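Source file data33.cif; content: mmCIF, C-alpha atoms and all ligand atoms.
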data_my_file
loop_
_atom_site.label_atom_id
_atom_site.label_comp_id
_atom_site.auth_asym_id
_atom_site.auth_seq_id
_atom_site.Cartn_x
_atom_site.Cartn_y
_atom_site.Cartn_z
CA MET A 1 90.24 137.21 92.45
CA ASP A 2 91.74 137.06 88.96
CA VAL A 3 92.29 133.78 87.17
CA TYR A 4 96.02 133.56 87.92
CA GLU A 5 95.37 134.15 91.59
CA ALA A 6 92.71 131.43 91.64
CA ILE A 7 95.10 129.05 89.86
CA GLY A 8 97.84 129.86 92.37
CA ARG A 9 95.63 129.55 95.45
CA ARG A 10 93.78 126.37 94.40
CA ARG A 11 94.71 123.39 96.56
CA ASP A 12 93.54 119.85 96.92
CA VAL A 13 91.95 119.96 100.37
CA ARG A 14 91.70 117.05 102.79
CA ALA A 15 92.11 118.28 106.36
CA GLU A 16 90.88 121.88 106.28
CA PHE A 17 87.13 121.40 105.72
CA THR A 18 85.00 122.96 108.45
CA GLY A 19 81.68 121.31 107.50
CA ALA A 20 79.92 124.70 107.73
CA PRO A 21 76.77 125.14 105.61
CA LEU A 22 77.25 126.12 102.00
CA ASP A 23 75.01 128.80 100.54
CA GLU A 24 72.92 127.29 97.70
CA GLU A 25 73.53 130.36 95.52
CA ILE A 26 77.28 129.92 95.80
CA LEU A 27 76.95 126.22 95.03
CA HIS A 28 74.91 127.14 91.96
CA ARG A 29 77.61 129.57 90.78
CA VAL A 30 80.30 126.94 91.20
CA LEU A 31 78.28 124.32 89.31
CA SER A 32 77.48 126.88 86.59
CA ALA A 33 81.21 127.44 86.16
CA ALA A 34 81.69 123.68 85.75
CA HIS A 35 78.86 123.56 83.22
CA ALA A 36 80.48 126.39 81.21
CA ALA A 37 83.49 124.21 80.35
CA PRO A 38 84.47 123.48 76.77
CA SER A 39 83.47 120.02 75.54
CA VAL A 40 84.19 117.94 72.47
CA GLY A 41 81.43 118.41 69.90
CA MET A 42 79.56 120.54 72.50
CA THR A 43 78.48 117.25 74.08
CA GLN A 44 78.62 118.52 77.68
CA PRO A 45 79.06 114.90 78.75
CA TRP A 46 79.13 115.61 82.49
CA ASP A 47 76.62 115.00 85.30
CA PHE A 48 76.95 116.23 88.86
CA VAL A 49 75.51 114.11 91.66
CA LEU A 50 75.25 116.12 94.88
CA VAL A 51 75.78 113.82 97.83
CA ARG A 52 74.79 115.27 101.18
CA ASP A 53 73.52 112.13 102.94
CA PRO A 54 75.90 111.16 105.77
CA GLY A 55 75.04 107.47 105.31
CA THR A 56 76.06 107.44 101.64
CA ARG A 57 79.21 109.33 102.46
CA ALA A 58 80.08 106.96 105.30
CA GLU A 59 79.64 103.98 102.99
CA PHE A 60 81.89 105.54 100.36
CA HIS A 61 84.43 106.50 103.05
CA ARG A 62 84.67 102.85 104.15
CA HIS A 63 85.27 101.76 100.56
CA VAL A 64 87.93 104.44 100.05
CA HIS A 65 89.77 103.28 103.14
CA THR A 66 89.76 99.70 101.92
CA GLU A 67 91.33 100.95 98.69
CA ARG A 68 93.81 103.06 100.64
CA ALA A 69 94.91 99.95 102.52
CA ARG A 70 95.22 98.06 99.22
CA PHE A 71 97.54 100.77 97.83
CA ALA A 72 99.51 100.93 101.09
CA ALA A 73 100.04 97.16 100.99
CA GLY A 74 102.07 97.61 97.79
CA LEU A 75 104.49 100.07 99.42
CA SER A 76 107.54 99.48 101.56
CA GLY A 77 110.30 101.38 103.38
CA GLU A 78 110.30 105.15 103.09
CA ARG A 79 107.29 105.22 100.67
CA ALA A 80 105.16 103.23 103.11
CA ALA A 81 106.14 105.45 106.06
CA THR A 82 105.54 108.66 104.08
CA PHE A 83 102.17 107.51 102.71
CA ASP A 84 101.10 106.51 106.20
CA ARG A 85 101.16 110.21 107.20
CA ILE A 86 99.11 111.42 104.23
CA LYS A 87 95.37 112.05 104.56
CA ILE A 88 93.70 111.19 101.25
CA ASP A 89 90.16 112.50 101.68
CA GLY A 90 87.78 114.81 103.53
CA ILE A 91 84.63 112.83 102.72
CA LEU A 92 83.15 112.97 106.21
CA GLU A 93 84.37 116.44 107.17
CA SER A 94 83.37 118.41 104.05
CA THR A 95 79.92 119.99 103.70
CA LEU A 96 78.93 117.92 100.69
CA SER A 97 80.33 115.86 97.86
CA VAL A 98 79.92 116.27 94.13
CA VAL A 99 80.35 113.12 92.08
CA VAL A 100 81.13 113.92 88.47
CA GLY A 101 79.99 111.45 85.83
CA TYR A 102 80.97 111.04 82.20
CA ASP A 103 78.22 110.03 79.77
CA PRO A 104 79.84 109.01 76.46
CA GLU A 105 76.41 108.56 74.83
CA ARG A 106 75.40 112.20 75.17
CA GLY A 107 75.36 113.79 71.71
CA SER A 108 76.53 110.56 70.08
CA PRO A 109 76.95 108.87 67.64
CA ALA A 110 78.17 111.81 65.53
CA VAL A 111 80.40 113.52 68.07
CA LEU A 112 82.28 116.26 66.25
CA GLY A 113 85.95 115.84 67.19
CA ARG A 114 85.82 112.48 68.94
CA HIS A 115 86.02 110.09 65.99
CA ALA A 116 89.78 109.55 66.35
CA ILE A 117 90.28 110.15 70.08
CA ALA A 118 87.68 108.49 72.27
CA ASP A 119 89.22 110.05 75.38
CA ALA A 120 88.23 113.56 74.18
CA GLY A 121 84.93 113.05 76.02
CA LEU A 122 86.75 112.30 79.24
CA TYR A 123 89.02 115.33 78.74
CA SER A 124 85.88 117.49 78.56
CA VAL A 125 84.70 116.22 81.95
CA CYS A 126 88.10 116.98 83.47
CA LEU A 127 87.84 120.56 82.20
CA ALA A 128 84.46 120.89 83.91
CA ILE A 129 86.08 119.67 87.12
CA GLN A 130 88.90 122.17 86.80
CA ASN A 131 86.38 125.00 86.23
CA LEU A 132 84.52 123.88 89.36
CA TRP A 133 87.78 123.75 91.31
CA LEU A 134 88.90 127.25 90.29
CA ALA A 135 85.44 128.78 90.84
CA ALA A 136 85.28 127.18 94.29
CA THR A 137 88.72 128.62 95.07
CA ALA A 138 87.57 132.08 93.99
CA GLU A 139 84.58 131.65 96.36
CA GLY A 140 86.96 130.83 99.22
CA LEU A 141 85.87 127.16 99.28
CA GLY A 142 87.93 124.00 99.25
CA VAL A 143 87.76 121.01 96.90
CA GLY A 144 89.37 117.61 97.34
CA TRP A 145 89.44 115.04 94.53
CA VAL A 146 89.13 111.46 95.75
CA SER A 147 90.09 108.68 93.34
CA PHE A 148 90.70 105.78 95.73
CA TYR A 149 87.64 103.84 94.56
CA ARG A 150 86.44 101.20 92.14
CA GLU A 151 84.14 102.64 89.51
CA ASP A 152 81.63 99.79 89.84
CA PHE A 153 81.28 100.40 93.56
CA LEU A 154 80.51 104.10 93.13
CA ARG A 155 78.20 103.46 90.19
CA ASP A 156 76.16 101.05 92.31
CA LEU A 157 76.19 103.34 95.35
CA LEU A 158 74.68 106.23 93.39
CA GLY A 159 72.52 104.26 90.95
CA MET A 160 74.45 105.44 87.92
CA PRO A 161 73.69 103.65 84.64
CA ALA A 162 76.31 101.16 83.43
CA HIS A 163 77.50 103.37 80.57
CA VAL A 164 78.20 106.40 82.81
CA ARG A 165 81.70 106.56 84.30
CA PRO A 166 82.10 108.12 87.74
CA VAL A 167 85.16 110.27 87.03
CA ALA A 168 85.60 111.99 90.37
CA TRP A 169 84.32 112.18 93.91
CA LEU A 170 84.85 115.81 94.91
CA CYS A 171 84.63 116.90 98.53
CA LEU A 172 83.44 120.50 98.62
CA GLY A 173 82.79 123.14 101.23
CA PRO A 174 83.99 125.95 103.44
CA VAL A 175 87.52 125.57 104.77
CA ALA A 176 89.54 126.99 107.64
CA GLY A 177 92.05 128.11 105.00
CA LEU A 178 93.94 126.94 101.95
CA ARG A 179 97.52 125.81 102.42
CA GLU A 180 100.24 127.40 100.32
CA VAL A 181 102.13 124.16 99.75
CA PRO A 182 100.41 121.03 98.36
CA ASP A 183 99.98 118.27 100.94
CA LEU A 184 102.04 115.76 98.96
CA GLU A 185 104.91 118.23 98.84
CA ARG A 186 104.64 119.04 102.55
CA HIS A 187 104.79 115.36 103.40
CA GLY A 188 107.73 114.66 101.09
CA TRP A 189 105.81 112.40 98.70
CA ARG A 190 106.46 114.40 95.51
CA SER A 191 107.11 118.03 94.57
CA ARG A 192 106.09 120.27 91.70
CA MET A 193 108.64 120.00 88.90
CA PRO A 194 110.34 123.08 87.42
CA LEU A 195 108.39 124.33 84.38
CA ALA A 196 111.53 124.09 82.23
CA GLU A 197 111.53 120.30 82.67
CA VAL A 198 108.25 119.94 80.81
CA ILE A 199 108.80 122.42 77.97
CA HIS A 200 110.15 121.14 74.68
CA GLU A 201 111.21 123.27 71.72
CA GLU A 202 110.13 122.08 68.29
CA LYS A 203 110.58 118.34 68.97
CA TYR A 204 110.05 116.17 72.00
CA THR A 205 113.41 115.84 73.73
CA PRO A 206 113.72 113.25 76.48
CA LYS A 207 114.96 114.88 79.71
CA ASP A 208 116.98 113.08 82.32
C1 LIG B 1 92.74 112.92 88.86
C2 LIG B 1 93.13 113.27 90.26
C3 LIG B 1 92.92 112.36 91.29
C4 LIG B 1 93.29 112.67 92.61
N1 LIG B 1 93.02 111.79 93.62
C5 LIG B 1 93.32 112.13 94.90
C6 LIG B 1 92.97 111.29 95.98
O1 LIG B 1 92.37 110.22 95.82
N2 LIG B 1 93.28 111.68 97.22
C7 LIG B 1 93.94 112.86 97.46
O2 LIG B 1 94.20 113.17 98.62
N3 LIG B 1 94.27 113.69 96.46
C8 LIG B 1 93.95 113.36 95.19
N4 LIG B 1 94.26 114.22 94.18
C9 LIG B 1 94.95 115.51 94.48
C10 LIG B 1 96.43 115.53 94.14
O3 LIG B 1 97.16 114.76 95.06
C11 LIG B 1 96.89 116.98 94.14
O4 LIG B 1 96.23 117.68 93.12
C12 LIG B 1 98.40 117.14 93.94
O5 LIG B 1 99.09 116.55 94.99
C13 LIG B 1 98.81 118.62 93.82
O6 LIG B 1 98.34 119.34 94.95
P1 LIG B 1 97.39 120.60 94.78
O7 LIG B 1 96.17 120.14 94.05
O8 LIG B 1 97.09 121.05 96.17
O9 LIG B 1 98.15 121.61 93.98
C14 LIG B 1 93.90 113.93 92.88
C15 LIG B 1 94.10 114.85 91.84
C16 LIG B 1 93.72 114.54 90.55
C17 LIG B 1 93.92 115.56 89.46
#
How does the structure come out when it is put into structure tokens?
Amino acid sequence: MDVYEAIGRRRDVRAEFTGAPLDEEILHRVLSAAHAAPSVGMTQPWDFVLVRDPGTRAEFHRHVHTERARFAAGLSGERAATFDRIKIDGILESTLSVVVGYDPERGSPAVLGRHAIADAGLYSVCLAIQNLWLAATAEGLGVGWVSFYREDFLRDLLGMPAHVRPVAWLCLGPVAGLREVPDLERHGWRSRMPLAEVIHEEKYTPKD
């Protein structure tokens, strides 16, 4: 699969996980792809916690559903009805989860390229996640990013040190298939915007 095909086929997966075993060699390839990401000052500020234990996942799942209810409570009318139909995670159904951490202390204090933009470290972690996501797609696997959680809760659950930020809970594993249309689009929550709407020539021009 070439890179454009992987980009086009990649989906955020919630409902299509089969829970089938995942070959350790394939998992290693996918994690190697994540670890090959660019990073500010070559800090490689990511950590990957592999969560296979059903008990840990069930505990996180309960927390996520409390947060889902909290978000839902702020919605009304059409938004509430639409959100009600949207599945937001595959924590219990996927083969395993990969929690991605950001360690801002790695390679510090003299981080080349981060002196003016502290978030550059966080950007690096997101690039590792995108590499993981595309590699998993090329392997025929699914990935689902779950962000309905409080960072303190997840940090405690996994014993992460206070300075490490849990950036993502990724559900990972074999899938029955990858949908062509993103779930949020299918359910009428939001659609992909035309590319032309986000391109600006020379200066930033507000679009209406
Ligand atoms: C930072 C981030 C957080 C996300 N959090 C969630 C989430 O908590 N639950 C969920 O179902 N999808 C989550 N998603 C997936 C998006 O909804 C999805 O990427 C978007 O709708 C586009 O669909 P696609 O990834 O299939 O192209 C997240 C994606 C990103 C990048």
Considering all atoms listed in the file, tabulate each residue of chain A that lies at most 7 Å from ligand LIG 1 (chain B) along with its nearest interatomic pair and the corresponding distance in Å to one decimal; arrange the rows by chain and ascending residue number and present them as a tab-separated table.
residue	atom	partner	partner_atom	distance
A:Arg10	CA	B:LIG1	O9	6.5
A:Arg11	CA	B:LIG1	O8	3.4
A:Asp12	CA	B:LIG1	O8	3.8
A:Val13	CA	B:LIG1	O8	6.7
A:Arg14	CA	B:LIG1	O2	6.2
A:Lys87	CA	B:LIG1	O2	6.2
A:Ile88	CA	B:LIG1	O2	3.3
A:Asp89	CA	B:LIG1	O2	5.1
A:Gly144	CA	B:LIG1	N3	6.3
A:Trp145	CA	B:LIG1	C8	4.9
A:Val146	CA	B:LIG1	O1	3.5
A:Ser147	CA	B:LIG1	O1	3.7
A:Phe148	CA	B:LIG1	O1	4.7
A:Val181	CA	B:LIG1	O8	6.9
A:Pro182	CA	B:LIG1	O8	4.0
A:Asp183	CA	B:LIG1	O8	6.2
A:Leu184	CA	B:LIG1	O5	5.0
Can you tell me, as a ChimeraX atom specification, what residues are no more than 9 Å from Pro174 (chain A) when counting only C-alpha atoms, ignoring any on the same chain fewer than 5 positions away?
-> /A:16-22,94-95,140-142
Select, from A:Ala80, A:Val64, A:Leu172, A:Val40, the residue with the minimum atom-to-atom distance to Ala135 (chain A), counting all atoms listed in the file.
->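 Comparing A:Ala80, A:Val64, A:Leu172, A:Val40 against Ala135 (chain A), the winner is A:Leu172.
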Quick one: everything within 8 Å of region 114-130 of chain A, counting all atoms listed in the file, minus sequence neighbours fewer than 3 positions away in the same chain. Send it as a PyMOL selection string.
-> chain A and resi 33-41+43-46+100-102+104+111+133-134+167
A straight line from CA of Val143 (chain A) to CA of Pro194 (chain A) spans 24.6 Å
Using only C-alpha atoms: which of A:Leu96, A:Leu154, A:Val164, A:Ala69 has the shortest distance to Glu24 (chain A) =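 Ranked by minimum distance to Glu24 (chain A), first place goes to A:Leu96.
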Among listed residues A:Ala162, A:Thr137, A:Leu157, A:Glu180, nearest Tyr4 (chain A) (using only C-alpha atoms) =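 Residue with the minimum atom-to-atom distance to Tyr4 (chain A): A:Thr137.
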In terms of all atoms listed in the file, the residue from A:Arg9, A:Arg155, A:Arg68, A:Arg106 at minimal distance from Trp169 (chain A) is A:Arg155
Min atom-atom distance to Pro161 (chain A) from the set A:Asp23, A:Val49, A:Gly77, A:Asp103, counting only C-alpha atoms, belongs to A:Asp103
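The smallest atom-to-atom distance between Ile86 (chain A) and any of A:Tyr149, A:Trp189, A:Phe48, A:Phe71, using all atoms listed in the file, is found for A:Trp189.
Distance-wise, CA of Val3 (chain A) and CA of Glu201 (chain A) end up 26.6 Å apart.
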Add whatever atoms are absent from region 181-192 of chain A to reach all heavy atoms, and provide the output as a PDB file, in the coordinates of the input.
ATOM      1  N   VAL A 181     101.356 125.258 100.340  1.00  0.00           N
ATOM      2  CA  VAL A 181     102.130 124.160  99.750  1.00  0.00           C
ATOM      3  C   VAL A 181     101.238 122.922  99.650  1.00  0.00           C
ATOM      4  O   VAL A 181     100.560 122.567 100.620  1.00  0.00           O
ATOM      5  CB  VAL A 181     103.369 123.858 100.642  1.00  0.00           C
ATOM      6  CG1 VAL A 181     104.199 122.712 100.075  1.00  0.00           C
ATOM      7  CG2 VAL A 181     104.219 125.103 100.809  1.00  0.00           C
ATOM      8  N   PRO A 182     101.224 122.256  98.480  1.00  0.00           N
ATOM      9  CA  PRO A 182     100.410 121.030  98.360  1.00  0.00           C
ATOM     10  C   PRO A 182     100.783 120.000  99.425  1.00  0.00           C
ATOM     11  O   PRO A 182     101.955 119.870  99.796  1.00  0.00           O
ATOM     12  CB  PRO A 182     100.774 120.509  96.957  1.00  0.00           C
ATOM     13  CG  PRO A 182     101.256 121.699  96.201  1.00  0.00           C
ATOM     14  CD  PRO A 182     101.897 122.612  97.225  1.00  0.00           C
ATOM     15  N   ASP A 183      99.770 119.271  99.888  1.00  0.00           N
ATOM     16  CA  ASP A 183      99.980 118.270 100.940  1.00  0.00           C
ATOM     17  C   ASP A 183     101.074 117.259 100.575  1.00  0.00           C
ATOM     18  O   ASP A 183     101.898 116.896 101.407  1.00  0.00           O
ATOM     19  CB  ASP A 183      98.675 117.501 101.209  1.00  0.00           C
ATOM     20  CG  ASP A 183      97.777 118.253 102.178  1.00  0.00           C
ATOM     21  OD1 ASP A 183      98.032 119.455 102.424  1.00  0.00           O
ATOM     22  OD2 ASP A 183      96.827 117.628 102.688  1.00  0.00           O
ATOM     23  N   LEU A 184     101.059 116.799  99.332  1.00  0.00           N
ATOM     24  CA  LEU A 184     102.040 115.760  98.960  1.00  0.00           C
ATOM     25  C   LEU A 184     103.463 116.291  99.022  1.00  0.00           C
ATOM     26  O   LEU A 184     104.397 115.543  99.327  1.00  0.00           O
ATOM     27  CB  LEU A 184     101.738 115.188  97.569  1.00  0.00           C
ATOM     28  CG  LEU A 184     100.413 114.454  97.392  1.00  0.00           C
ATOM     29  CD1 LEU A 184     100.407 113.628  96.114  1.00  0.00           C
ATOM     30  CD2 LEU A 184     100.075 113.543  98.580  1.00  0.00           C
ATOM     31  N   GLU A 185     103.605 117.590  98.754  1.00  0.00           N
ATOM     32  CA  GLU A 185     104.910 118.230  98.840  1.00  0.00           C
ATOM     33  C   GLU A 185     105.314 118.392 100.310  1.00  0.00           C
ATOM     34  O   GLU A 185     106.441 118.076 100.694  1.00  0.00           O
ATOM     35  CB  GLU A 185     104.835 119.584  98.129  1.00  0.00           C
ATOM     36  CG  GLU A 185     106.168 120.119  97.714  1.00  0.00           C
ATOM     37  CD  GLU A 185     106.072 121.195  96.622  1.00  0.00           C
ATOM     38  OE1 GLU A 185     105.096 121.197  95.845  1.00  0.00           O
ATOM     39  OE2 GLU A 185     106.985 122.018  96.574  1.00  0.00           O
ATOM     40  N   ARG A 186     104.374 118.845 101.114  1.00  0.00           N
ATOM     41  CA  ARG A 186     104.640 119.040 102.550  1.00  0.00           C
ATOM     42  C   ARG A 186     105.080 117.756 103.215  1.00  0.00           C
ATOM     43  O   ARG A 186     105.923 117.751 104.092  1.00  0.00           O
ATOM     44  CB  ARG A 186     103.341 119.509 103.245  1.00  0.00           C
ATOM     45  CG  ARG A 186     103.302 120.952 103.553  1.00  0.00           C
ATOM     46  CD  ARG A 186     102.062 121.447 104.252  1.00  0.00           C
ATOM     47  NE  ARG A 186     100.870 120.647 104.229  1.00  0.00           N
ATOM     48  CZ  ARG A 186     100.371 119.959 105.263  1.00  0.00           C
ATOM     49  NH1 ARG A 186     100.989 119.994 106.430  1.00  0.00           N
ATOM     50  NH2 ARG A 186      99.258 119.278 105.138  1.00  0.00           N
ATOM     51  N   HIS A 187     104.481 116.648 102.779  1.00  0.00           N
ATOM     52  CA  HIS A 187     104.790 115.360 103.400  1.00  0.00           C
ATOM     53  C   HIS A 187     105.964 114.646 102.735  1.00  0.00           C
ATOM     54  O   HIS A 187     106.304 113.530 103.115  1.00  0.00           O
ATOM     55  CB  HIS A 187     103.555 114.459 103.391  1.00  0.00           C
ATOM     56  CG  HIS A 187     102.499 114.904 104.348  1.00  0.00           C
ATOM     57  ND1 HIS A 187     102.654 114.832 105.717  1.00  0.00           N
ATOM     58  CD2 HIS A 187     101.284 115.454 104.148  1.00  0.00           C
ATOM     59  CE1 HIS A 187     101.569 115.302 106.312  1.00  0.00           C
ATOM     60  NE2 HIS A 187     100.718 115.700 105.371  1.00  0.00           N
ATOM     61  N   GLY A 188     106.559 115.261 101.721  1.00  0.00           N
ATOM     62  CA  GLY A 188     107.730 114.660 101.090  1.00  0.00           C
ATOM     63  C   GLY A 188     107.410 113.504 100.157  1.00  0.00           C
ATOM     64  O   GLY A 188     108.248 112.625  99.923  1.00  0.00           O
ATOM     65  N   TRP A 189     106.167 113.486  99.628  1.00  0.00           N
ATOM     66  CA  TRP A 189     105.810 112.400  98.700  1.00  0.00           C
ATOM     67  C   TRP A 189     106.333 112.729  97.301  1.00  0.00           C
ATOM     68  O   TRP A 189     107.022 111.917  96.684  1.00  0.00           O
ATOM     69  CB  TRP A 189     104.299 112.192  98.673  1.00  0.00           C
ATOM     70  CG  TRP A 189     103.867 111.086  97.756  1.00  0.00           C
ATOM     71  CD1 TRP A 189     103.410 111.216  96.480  1.00  0.00           C
ATOM     72  CD2 TRP A 189     103.870 109.685  98.038  1.00  0.00           C
ATOM     73  NE1 TRP A 189     103.137 109.973  95.943  1.00  0.00           N
ATOM     74  CE2 TRP A 189     103.405 109.016  96.885  1.00  0.00           C
ATOM     75  CE3 TRP A 189     104.230 108.924  99.172  1.00  0.00           C
ATOM     76  CZ2 TRP A 189     103.290 107.630  96.815  1.00  0.00           C
ATOM     77  CZ3 TRP A 189     104.108 107.537  99.105  1.00  0.00           C
ATOM     78  CH2 TRP A 189     103.645 106.915  97.929  1.00  0.00           C
ATOM     79  N   ARG A 190     106.019 113.919  96.815  1.00  0.00           N
ATOM     80  CA  ARG A 190     106.460 114.400  95.510  1.00  0.00           C
ATOM     81  C   ARG A 190     106.306 115.915  95.456  1.00  0.00           C
ATOM     82  O   ARG A 190     105.421 116.464  96.098  1.00  0.00           O
ATOM     83  CB  ARG A 190     105.608 113.813  94.392  1.00  0.00           C
ATOM     84  CG  ARG A 190     106.327 112.842  93.486  1.00  0.00           C
ATOM     85  CD  ARG A 190     105.457 112.380  92.352  1.00  0.00           C
ATOM     86  NE  ARG A 190     105.744 113.091  91.095  1.00  0.00           N
ATOM     87  CZ  ARG A 190     106.813 112.906  90.364  1.00  0.00           C
ATOM     88  NH1 ARG A 190     107.748 112.037  90.743  1.00  0.00           N
ATOM     89  NH2 ARG A 190     106.993 113.581  89.234  1.00  0.00           N
ATOM     90  N   SER A 191     107.176 116.574  94.667  1.00  0.00           N
ATOM     91  CA  SER A 191     107.110 118.030  94.570  1.00  0.00           C
ATOM     92  C   SER A 191     106.774 118.469  93.162  1.00  0.00           C
ATOM     93  O   SER A 191     106.924 117.687  92.226  1.00  0.00           O
ATOM     94  CB  SER A 191     108.460 118.650  94.947  1.00  0.00           C
ATOM     95  OG  SER A 191     108.768 118.292  96.260  1.00  0.00           O
ATOM     96  N   ARG A 192     106.351 119.731  93.029  1.00  0.00           N
ATOM     97  CA  ARG A 192     106.090 120.270  91.700  1.00  0.00           C
ATOM     98  C   ARG A 192     107.419 120.391  90.953  1.00  0.00           C
ATOM     99  O   ARG A 192     108.406 120.835  91.511  1.00  0.00           O
ATOM    100  CB  ARG A 192     105.410 121.635  91.804  1.00  0.00           C
ATOM    101  CG  ARG A 192     104.710 122.030  90.529  1.00  0.00           C
ATOM    102  CD  ARG A 192     103.785 123.233  90.714  1.00  0.00           C
ATOM    103  NE  ARG A 192     102.625 122.998  91.573  1.00  0.00           N
ATOM    104  CZ  ARG A 192     101.558 122.273  91.216  1.00  0.00           C
ATOM    105  NH1 ARG A 192     101.492 121.692  90.040  1.00  0.00           N
ATOM    106  NH2 ARG A 192     100.554 122.112  92.047  1.00  0.00           N
TER     107      ARG A 192
END
